[in-house]
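query.cif (mmCIF, C-alpha atoms)
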```cif
data_model
#
loop_
_atom_site.label_atom_id
_atom_site.label_comp_id
_atom_site.auth_asym_id
_atom_site.auth_seq_id
_atom_site.Cartn_x
_atom_site.Cartn_y
_atom_site.Cartn_z
CA MET A 190 -2.54 3.35 1.68
CA SER A 191 0.53 5.36 2.56
CA ALA A 192 2.15 5.31 5.98
CA ALA A 193 1.51 8.13 8.41
CA HIS A 194 3.01 11.41 7.24
CA GLN A 195 5.00 14.07 9.04
CA ASP A 196 3.47 17.51 9.27
CA LEU A 197 5.08 20.30 7.27
CA ILE A 198 4.72 23.34 9.54
CA ASP A 199 5.88 26.88 8.83
CA PRO A 200 7.29 29.27 11.49
CA PHE A 201 3.79 30.61 12.22
CA GLY A 202 2.24 27.22 12.93
CA ARG A 203 0.48 26.86 9.59
CA GLN A 204 0.39 23.31 8.22
CA ILE A 205 1.11 22.98 4.50
CA LYS A 206 -1.70 21.03 2.84
CA ASP A 207 -2.04 22.53 -0.64
CA LEU A 208 0.42 22.42 -3.54
CA ARG A 209 0.02 24.53 -6.69
CA ILE A 210 2.01 23.25 -9.67
CA SER A 211 2.63 25.23 -12.83
CA VAL A 212 2.99 22.71 -15.65
CA THR A 213 4.02 25.33 -18.22
CA ASP A 214 4.84 29.02 -18.43
CA ARG A 215 3.23 29.20 -21.88
CA CYS A 216 -0.26 30.49 -22.56
CA ASN A 217 -2.61 30.94 -25.50
CA PHE A 218 -4.00 34.17 -23.99
CA ARG A 219 -2.22 37.44 -23.17
CA CYS A 220 -4.35 38.74 -20.30
CA THR A 221 -3.43 42.30 -19.40
CA TYR A 222 -3.20 41.60 -15.65
CA CYS A 223 -0.95 38.60 -16.19
CA MET A 224 1.50 39.01 -19.06
CA PRO A 225 2.65 41.45 -21.75
CA GLU A 226 1.24 41.31 -25.28
CA GLU A 227 4.64 40.60 -26.81
CA GLY A 228 8.17 39.78 -25.74
CA MET A 229 7.66 36.90 -23.32
CA GLN A 230 10.73 34.67 -23.18
CA TRP A 231 9.46 31.10 -22.85
CA LEU A 232 11.42 28.54 -20.89
CA PRO A 233 13.38 26.08 -23.04
CA ARG A 234 11.67 22.69 -22.99
CA SER A 235 14.70 21.17 -21.28
CA GLU A 236 14.23 23.47 -18.28
CA VAL A 237 10.57 22.56 -17.74
CA MET A 238 9.72 19.73 -15.36
CA SER A 239 8.86 16.47 -17.07
CA PHE A 240 5.73 14.60 -16.04
CA GLU A 241 7.90 12.09 -14.21
CA GLU A 242 9.64 14.89 -12.29
CA ILE A 243 6.33 16.50 -11.39
CA GLU A 244 5.04 13.14 -10.21
CA HIS A 245 8.20 12.50 -8.16
CA LEU A 246 8.06 15.82 -6.33
CA SER A 247 4.28 15.60 -5.90
CA ARG A 248 4.59 12.15 -4.39
CA LEU A 249 7.06 13.52 -1.86
CA PHE A 250 4.65 16.26 -0.80
CA VAL A 251 1.67 13.90 -0.63
CA GLU A 252 3.16 10.78 0.93
CA ARG A 253 5.72 12.38 3.26
CA TYR A 254 3.91 15.56 4.26
CA GLY A 255 0.25 14.67 3.80
CA VAL A 256 -0.53 17.32 1.22
CA ARG A 257 -4.23 16.82 0.41
CA GLY A 258 -4.75 19.06 -2.58
CA ILE A 259 -2.86 19.60 -5.82
CA ARG A 260 -3.92 22.27 -8.30
CA LEU A 261 -2.44 22.40 -11.80
CA THR A 262 -1.86 25.86 -13.20
CA GLY A 263 0.23 27.60 -15.84
CA GLY A 264 0.58 29.74 -17.89
CA GLU A 265 -2.27 27.77 -19.33
CA PRO A 266 -2.01 24.11 -18.32
CA THR A 267 -4.01 22.81 -21.27
CA VAL A 268 -1.34 23.94 -23.75
CA ARG A 269 1.00 21.33 -22.24
CA ALA A 270 0.99 18.34 -24.58
CA HIS A 271 -0.45 15.06 -23.27
CA LEU A 272 -1.78 16.67 -20.07
CA PRO A 273 -4.14 13.72 -19.33
CA VAL A 274 -1.05 11.52 -18.88
CA LEU A 275 0.14 13.73 -16.03
CA ILE A 276 -3.34 13.84 -14.51
CA GLU A 277 -3.50 10.05 -14.48
CA LYS A 278 -0.17 9.91 -12.64
CA LEU A 279 -1.18 12.47 -10.03
CA ALA A 280 -4.70 11.10 -9.55
CA ARG A 281 -3.19 7.87 -8.23
CA LEU A 282 -1.37 9.62 -5.37
CA GLU A 283 -2.62 8.95 -1.85
CA SER A 284 -1.58 10.18 1.53
CA ALA A 285 -2.48 8.62 4.85
CA ASP A 286 -5.68 10.65 4.63
CA GLY A 287 -6.70 9.13 1.29
CA PRO A 288 -6.68 10.22 -2.36
CA ILE A 289 -5.71 13.79 -3.15
CA ASP A 290 -8.10 16.47 -4.35
CA LEU A 291 -6.80 17.13 -7.88
CA ALA A 292 -7.94 20.37 -9.49
CA MET A 293 -6.94 22.70 -12.33
CA THR A 294 -7.21 26.38 -13.16
CA THR A 295 -7.66 27.09 -16.87
CA ASN A 296 -8.76 29.84 -19.23
CA GLY A 297 -11.24 27.34 -20.65
CA ALA A 298 -10.55 28.04 -24.31
CA THR A 299 -10.02 24.39 -25.20
CA MET A 300 -12.18 22.73 -22.54
CA ARG A 301 -14.93 22.12 -25.10
CA LEU A 302 -12.51 19.69 -26.79
CA ILE A 303 -10.87 17.96 -23.83
CA ALA A 304 -13.17 18.15 -20.78
CA PRO A 305 -14.29 14.48 -20.89
CA THR A 306 -10.70 13.29 -21.38
CA LEU A 307 -9.46 15.26 -18.38
CA ARG A 308 -12.32 14.01 -16.24
CA ASP A 309 -11.70 10.39 -17.25
CA ALA A 310 -8.00 10.83 -16.40
CA GLY A 311 -8.90 11.66 -12.81
CA LEU A 312 -9.19 15.46 -12.63
CA ARG A 313 -11.84 16.29 -10.04
CA ARG A 314 -12.47 20.03 -10.17
CA VAL A 315 -11.85 22.98 -12.50
CA ASN A 316 -11.74 26.74 -12.13
CA ILE A 317 -12.27 28.59 -15.41
CA SER A 318 -11.25 32.22 -15.83
CA LEU A 319 -13.94 34.56 -17.16
CA ASP A 320 -13.49 38.25 -16.45
CA THR A 321 -16.13 39.67 -18.78
CA LEU A 322 -19.22 38.64 -20.73
CA VAL A 323 -18.75 41.37 -23.33
CA ARG A 324 -16.97 40.14 -26.44
CA GLU A 325 -15.17 43.39 -27.28
CA LYS A 326 -14.00 43.77 -23.70
CA PHE A 327 -12.92 40.13 -23.62
CA VAL A 328 -10.70 40.78 -26.64
CA ARG A 329 -9.16 43.82 -24.96
CA MET A 330 -8.53 42.01 -21.68
CA THR A 331 -7.19 38.73 -23.08
CA ARG A 332 -5.98 39.99 -26.48
CA ARG A 333 -7.76 36.97 -27.96
CA ASP A 334 -11.24 36.54 -29.51
CA GLU A 335 -12.17 33.42 -27.55
CA LEU A 336 -15.24 34.32 -25.47
CA ASP A 337 -17.56 31.87 -27.26
CA ASN A 338 -15.06 29.05 -26.81
CA VAL A 339 -14.70 29.80 -23.10
CA LEU A 340 -18.47 29.81 -22.62
CA ASP A 341 -18.67 26.50 -24.50
CA GLY A 342 -15.83 25.21 -22.31
CA ILE A 343 -17.76 26.02 -19.13
CA ALA A 344 -20.75 24.08 -20.44
CA ALA A 345 -18.51 21.19 -21.50
CA ALA A 346 -16.92 21.03 -18.05
CA GLN A 347 -20.33 20.79 -16.43
CA LYS A 348 -21.46 18.13 -18.90
CA ALA A 349 -18.30 16.11 -18.26
CA GLY A 350 -19.22 15.91 -14.57
CA PHE A 351 -16.81 18.34 -12.94
CA ASP A 352 -18.32 19.41 -9.63
CA PRO A 353 -18.04 22.11 -8.75
CA VAL A 354 -17.17 24.21 -11.78
CA LYS A 355 -16.00 27.59 -10.49
CA ILE A 356 -15.49 30.79 -12.45
CA ASN A 357 -12.57 33.10 -11.59
CA ALA A 358 -13.23 36.76 -12.36
CA VAL A 359 -10.51 39.35 -11.67
CA ILE A 360 -12.25 42.68 -11.10
CA GLU A 361 -10.37 45.80 -12.13
CA ARG A 362 -11.79 49.28 -11.61
CA GLY A 363 -12.62 51.05 -14.84
CA VAL A 364 -12.29 47.82 -16.79
CA ASN A 365 -14.96 45.33 -15.75
CA ASP A 366 -16.30 46.53 -12.40
CA ASP A 367 -19.52 47.45 -14.19
CA GLU A 368 -20.14 43.72 -14.79
CA ILE A 369 -20.12 42.48 -11.20
CA VAL A 370 -23.89 41.91 -11.16
CA ASP A 371 -23.87 40.51 -14.71
CA LEU A 372 -21.24 37.94 -13.71
CA ALA A 373 -23.24 37.06 -10.60
CA THR A 374 -26.32 36.61 -12.77
CA PHE A 375 -24.33 34.37 -15.11
CA GLY A 376 -23.34 32.19 -12.17
CA ARG A 377 -26.92 31.95 -10.93
CA GLU A 378 -28.27 31.04 -14.34
CA ARG A 379 -25.52 28.58 -15.27
CA GLN A 380 -25.31 27.08 -11.78
CA VAL A 381 -21.61 27.78 -11.40
CA GLU A 382 -19.92 29.50 -8.46
CA VAL A 383 -18.31 32.79 -9.50
CA ARG A 384 -15.26 33.78 -7.48
CA PHE A 385 -14.52 37.50 -7.66
CA ILE A 386 -10.79 38.17 -7.28
CA GLU A 387 -9.26 41.47 -6.25
CA PHE A 388 -6.78 42.85 -8.79
CA MET A 389 -3.27 41.99 -7.56
CA PRO A 390 0.15 43.53 -8.29
CA LEU A 391 1.32 40.71 -10.55
CA ASP A 392 0.63 42.27 -13.93
CA ALA A 393 3.63 41.82 -16.21
CA ASP A 394 3.76 45.49 -17.20
CA GLY A 395 4.00 46.64 -13.58
CA HIS A 396 1.20 49.22 -13.93
CA TRP A 397 -0.83 48.04 -10.92
CA LEU A 398 -2.19 50.81 -8.69
CA SER A 399 -4.17 50.35 -5.49
CA GLU A 400 -6.85 52.63 -6.96
CA GLN A 401 -7.61 49.90 -9.51
CA VAL A 402 -8.60 47.45 -6.79
CA VAL A 403 -12.31 46.86 -6.27
CA GLY A 404 -12.42 45.56 -2.70
CA GLN A 405 -14.47 42.75 -1.24
CA ASP A 406 -16.86 45.06 0.62
CA GLU A 407 -17.74 46.92 -2.57
CA ILE A 408 -18.20 43.69 -4.53
CA VAL A 409 -20.47 42.22 -1.86
CA GLU A 410 -22.51 45.42 -1.51
CA THR A 411 -22.98 45.63 -5.28
CA ILE A 412 -24.31 42.08 -5.51
CA ASN A 413 -26.34 42.26 -2.31
CA ALA A 414 -28.23 45.28 -3.65
CA VAL A 415 -29.64 43.12 -6.43
CA TYR A 416 -29.43 39.58 -5.07
CA PRO A 417 -29.48 39.50 -1.25
CA ILE A 418 -26.68 37.32 0.13
CA GLU A 419 -25.31 36.24 3.50
CA GLN A 420 -21.81 35.18 4.44
CA MET A 421 -21.19 31.49 5.01
CA PRO A 422 -19.10 30.07 7.89
CA ALA A 423 -15.37 30.85 8.04
CA ARG A 424 -13.34 29.68 5.09
CA GLY A 425 -10.50 28.11 7.07
CA ALA A 426 -7.47 27.86 4.80
CA ALA A 427 -9.47 28.40 1.60
CA PRO A 428 -8.65 31.72 -0.11
CA ALA A 429 -12.25 32.76 -0.78
CA ASP A 430 -14.85 34.15 1.58
CA ARG A 431 -18.10 32.57 0.46
CA PHE A 432 -21.63 33.94 0.41
CA ARG A 433 -24.96 32.26 -0.33
CA TYR A 434 -27.95 33.79 -2.08
CA LEU A 435 -30.89 34.05 0.29
CA ASP A 436 -33.22 32.75 -2.44
CA GLY A 437 -31.19 29.54 -2.70
CA ALA A 438 -29.84 30.23 -6.19
CA GLY A 439 -26.26 29.25 -5.42
CA LYS A 440 -23.14 30.83 -3.97
CA ILE A 441 -20.37 33.28 -4.79
CA GLY A 442 -16.84 33.65 -3.49
CA VAL A 443 -14.60 36.66 -3.04
CA ILE A 444 -10.81 36.40 -2.81
CA PRO A 445 -9.75 39.58 -0.96
CA THR A 446 -5.99 39.26 -1.34
CA VAL A 447 -5.44 43.02 -1.16
CA THR A 448 -8.06 44.44 1.18
CA LYS A 449 -8.47 41.52 3.60
CA PRO A 450 -5.42 39.26 3.28
CA PHE A 451 -5.97 35.67 4.34
CA CYS A 452 -2.27 34.99 4.94
CA GLY A 453 -2.85 33.95 8.55
CA ASP A 454 -4.58 30.76 7.40
CA CYS A 455 -2.46 30.08 4.31
CA ASP A 456 -1.62 26.40 3.77
CA ARG A 457 -0.29 26.73 0.20
CA VAL A 458 3.06 26.37 -1.47
CA ARG A 459 3.99 26.40 -5.15
CA LEU A 460 6.17 24.80 -7.77
CA THR A 461 6.93 26.78 -10.91
CA ALA A 462 7.22 25.11 -14.31
CA GLU A 463 11.01 25.01 -13.96
CA GLY A 464 10.83 23.34 -10.55
CA GLU A 465 11.39 26.37 -8.34
CA PHE A 466 9.71 26.04 -4.95
CA ARG A 467 7.87 29.13 -3.67
CA THR A 468 6.33 29.50 -0.23
CA CYS A 469 4.06 32.40 -1.27
CA LEU A 470 2.54 33.77 -4.46
CA PHE A 471 4.33 37.04 -3.68
CA ALA A 472 7.60 35.49 -2.55
CA THR A 473 10.80 37.18 -3.67
CA LYS A 474 12.92 34.06 -3.19
CA GLU A 475 12.72 30.64 -4.84
CA PHE A 476 14.31 27.28 -3.99
CA ASP A 477 15.48 25.10 -6.87
CA LEU A 478 14.15 21.57 -6.40
CA LEU A 479 14.42 20.45 -10.01
CA SER A 480 18.19 20.90 -10.20
CA ALA A 481 18.55 18.92 -6.98
CA LEU A 482 16.38 16.14 -8.38
CA ARG A 483 18.30 16.05 -11.66
CA ALA A 484 21.60 16.03 -9.76
CA GLY A 485 20.56 12.75 -8.17
CA GLU A 486 19.67 13.89 -4.68
CA ASN A 487 17.51 11.38 -2.83
CA ASP A 488 14.13 12.11 -1.30
CA ASP A 489 15.57 12.79 2.15
CA GLN A 490 17.91 15.42 0.72
CA ILE A 491 15.15 17.07 -1.31
CA ALA A 492 12.84 16.93 1.71
CA ALA A 493 15.48 18.78 3.71
CA ARG A 494 15.44 21.51 1.05
CA ILE A 495 11.64 21.71 1.23
CA GLU A 496 11.66 21.95 5.02
CA ALA A 497 14.37 24.62 4.97
CA ALA A 498 12.35 26.62 2.46
CA VAL A 499 9.11 26.34 4.45
CA ALA A 500 11.05 27.57 7.47
CA THR A 501 11.41 30.88 5.61
CA LYS A 502 7.69 31.31 4.88
CA TRP A 503 6.70 34.75 6.03
CA ALA A 504 3.63 35.83 8.00
CA GLY A 505 2.13 37.41 4.91
CA HIS A 506 2.63 39.62 1.90
CA ARG A 507 2.94 43.37 2.38
CA ILE A 508 0.73 44.75 -0.38
CA ASN A 509 -0.19 48.38 0.33
CA GLN A 510 2.66 48.68 2.83
CA VAL A 511 5.75 50.75 2.19
CA ASN A 512 8.05 47.73 2.37
CA PHE A 513 6.15 45.68 -0.23
CA ILE A 514 8.43 44.35 -2.96
CA ARG A 515 6.89 43.11 -6.19
CA PRO A 516 7.95 39.59 -7.19
CA GLY A 517 10.36 39.55 -10.10
CA LYS A 518 8.01 37.35 -12.11
CA SER A 519 4.54 37.88 -13.55
CA MET A 520 1.57 35.68 -12.67
CA SER A 521 2.06 33.56 -15.81
CA GLN A 522 5.64 32.75 -14.77
CA ILE A 523 4.74 31.91 -11.17
CA GLY A 524 1.55 29.93 -11.70
CA GLY A 525 -1.90 31.09 -10.68
#
```
Kindly return the structure encoded in the file as structure tokens.
Amino acid sequence: MSAAHQDLIDPFGRQIKDLRISVTDRCNFRCTYCMPEEGMQWLPRSEVMSFEEIEHLSRLFVERYGVRGIRLTGGEPTVRAHLPVLIEKLARLESADGPIDLAMTTNGATMRLIAPTLRDAGLRRVNISLDTLVREKFVRMTRRDELDNVLDGIAAAQKAGFDPVKINAVIERGVNDDEIVDLATFGRERQVEVRFIEFMPLDADGHWLSEQVVGQDEIVETINAVYPIEQMPARGAAPADRFRYLDGAGKIGVIPTVTKPFCGDCDRVRLTAEGEFRTCLFATKEFDLLSALRAGENDDQIAARIEAAVATKWAGHRINQVNFIRPGKSMSQIGG
């Protein structure tokens, strides 16, 4: 068991407890709200954090600052070769509060092949992206014909023992907002928790408009009209408001980043695939930890960089306000 940690507190009194790590900027999908169809410039392999570097920085966050949760993202994390090796390294990390909660967000396309291996390596939870149940629409949204593989991947994740398996569905007006009830039905029937996510201004093409956002209230009203639901107790630092079906058939979540920002409770920070530290998904500034590590800085020096960065964490993003500035990177480059 690790020694007692020091709290990592931002200027607004929020304690950092959750670290999102992008293990690669590469992806086998080309989702329209995330990246362009062509022309992505991938990071050279030499600029991407090695497993040992990810483990080193993760250990610092966990053992020094008591970070409790690590979520692996991308790009698409499963396209990173030998991913179970990294999971084994991270699954061994413990803070003074005990083992970390190790999770991953994936598009699910290859989960049918690797779910048991990831589970055996120590991965505890998975979120699988599924924005539509209509094959033709799936092809348009992801630019890949992989719906059957994703559905098989969800089943494989459940069979492998991941609990819970959550489904992430980004709802975009005029694209898939007609499937809100169908996705809820899917979750009820498959016994997975669907998390409806408001469309955010991180599309690579920069075409986001506020009119395309289907807000939490509309999502909840649409589902409640068919399957009565009630809101569960406050989410704390979790990004989703959660609701339970009155008939006991499970739960849903809604992540209202745009219409009801949850910044006031945010306990998350991020590492990009090239080791840039970000204090917010929508941050416009990054702090280079990988170069410091490769230059031979010790943990105290790197910790000073982390603390200085967290001291700049803002109260919240400014989506829908006149002074909102889009990040210079797309979602795939930042990490979901």
Might you spell out which residues the PyMOL selection byres ((chain A and resi 488) around 12) would select in the displayed file, as a PyMOL selection string? chain A and resi 245-250+252-253+478+481-487+489-496
Now that the selection is made, can you save its residues with C-alpha atoms as a PDB file, in the coordinates of the input?
```
ATOM      1  CA  HIS A 245       8.200  12.500  -8.160  1.00  0.00           C
ATOM      2  CA  LEU A 246       8.060  15.820  -6.330  1.00  0.00           C
ATOM      3  CA  SER A 247       4.280  15.600  -5.900  1.00  0.00           C
ATOM      4  CA  ARG A 248       4.590  12.150  -4.390  1.00  0.00           C
ATOM      5  CA  LEU A 249       7.060  13.520  -1.860  1.00  0.00           C
ATOM      6  CA  PHE A 250       4.650  16.260  -0.800  1.00  0.00           C
ATOM      7  CA  GLU A 252       3.160  10.780   0.930  1.00  0.00           C
ATOM      8  CA  ARG A 253       5.720  12.380   3.260  1.00  0.00           C
ATOM      9  CA  LEU A 478      14.150  21.570  -6.400  1.00  0.00           C
ATOM     10  CA  ALA A 481      18.550  18.920  -6.980  1.00  0.00           C
ATOM     11  CA  LEU A 482      16.380  16.140  -8.380  1.00  0.00           C
ATOM     12  CA  ARG A 483      18.300  16.050 -11.660  1.00  0.00           C
ATOM     13  CA  ALA A 484      21.600  16.030  -9.760  1.00  0.00           C
ATOM     14  CA  GLY A 485      20.560  12.750  -8.170  1.00  0.00           C
ATOM     15  CA  GLU A 486      19.670  13.890  -4.680  1.00  0.00           C
ATOM     16  CA  ASN A 487      17.510  11.380  -2.830  1.00  0.00           C
ATOM     17  CA  ASP A 489      15.570  12.790   2.150  1.00  0.00           C
ATOM     18  CA  GLN A 490      17.910  15.420   0.720  1.00  0.00           C
ATOM     19  CA  ILE A 491      15.150  17.070  -1.310  1.00  0.00           C
ATOM     20  CA  ALA A 492      12.840  16.930   1.710  1.00  0.00           C
ATOM     21  CA  ALA A 493      15.480  18.780   3.710  1.00  0.00           C
ATOM     22  CA  ARG A 494      15.440  21.510   1.050  1.00  0.00           C
ATOM     23  CA  ILE A 495      11.640  21.710   1.230  1.00  0.00           C
ATOM     24  CA  GLU A 496      11.660  21.950   5.020  1.00  0.00           C
TER      25      GLU A 496
END
```
Top pick for closest residue to Gly404 of chain A, considering A:Glu361, A:Asp436, A:Glu368, A:Glu419 and counting all atoms listed in the file: A:Glu361
Closest-contact table, segment 370-415 of chain A side, partner segment 334-348 of chain A, 10 Å, counting all atoms listed in the file, as a Markdown table:
```
| residue | atom | partner | partner_atom | distance |
| --- | --- | --- | --- | --- |
| A:Arg379 | CA | A:Ala344 | CA | 8.4 |
| A:Gln380 | CA | A:Gln347 | CA | 9.3 |
| A:Val381 | CA | A:Gln347 | CA | 8.7 |
```
Using all atoms listed in the file, which residues sit within 7 Å of Phe218 of chain A once same-chain residues fewer than 3 positions away are excluded, as a ChimeraX atom specification? /A:331-333
For the provided coordinates, the residues matched by the PyMOL selection byres ((chain A and resi 269) around 12) should be stated as a ChimeraX atom specification. /A:211-217,234,237-240,261-268,270-276,295,299,462
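This file, queried with the PyMOL selection byres ((chain A and resi 196) around 10), gives the residues A:Ala193, A:His194, A:Gln195, A:Leu197, A:Ile198, A:Asp199, A:Arg203, A:Gln204, A:Ile205, A:Lys206, A:Arg253, A:Tyr254, A:Gly255, A:Val256.
Each of A:Asp366, A:Glu463, A:Asp371, A:Asp286 was compared to Gln405 of chain A using all atoms listed in the file, and A:Asp366 turns out to be the nearest.
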What is the distance, in Å and to one decimal place, between atom CA of Arg457 of chain A and atom CA of Ala358 of chain A? 20.6 Å
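Our summary of the geometry notes that atom CA of Thr221 of chain A is positioned 5.6 Å from atom CA of Met330 of chain A.
Here atom CA of Cys220 of chain A and atom CA of Thr306 of chain A stand 26.3 Å from one another.
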Neighbour list for Thr294 of chain A as a ChimeraX atom specification, cut-off 12 Å, all atoms listed in the file, skip fewer than 3 positions in-chain: /A:209-212,259-267,291,297-298,300,312-319,354-357,524-525
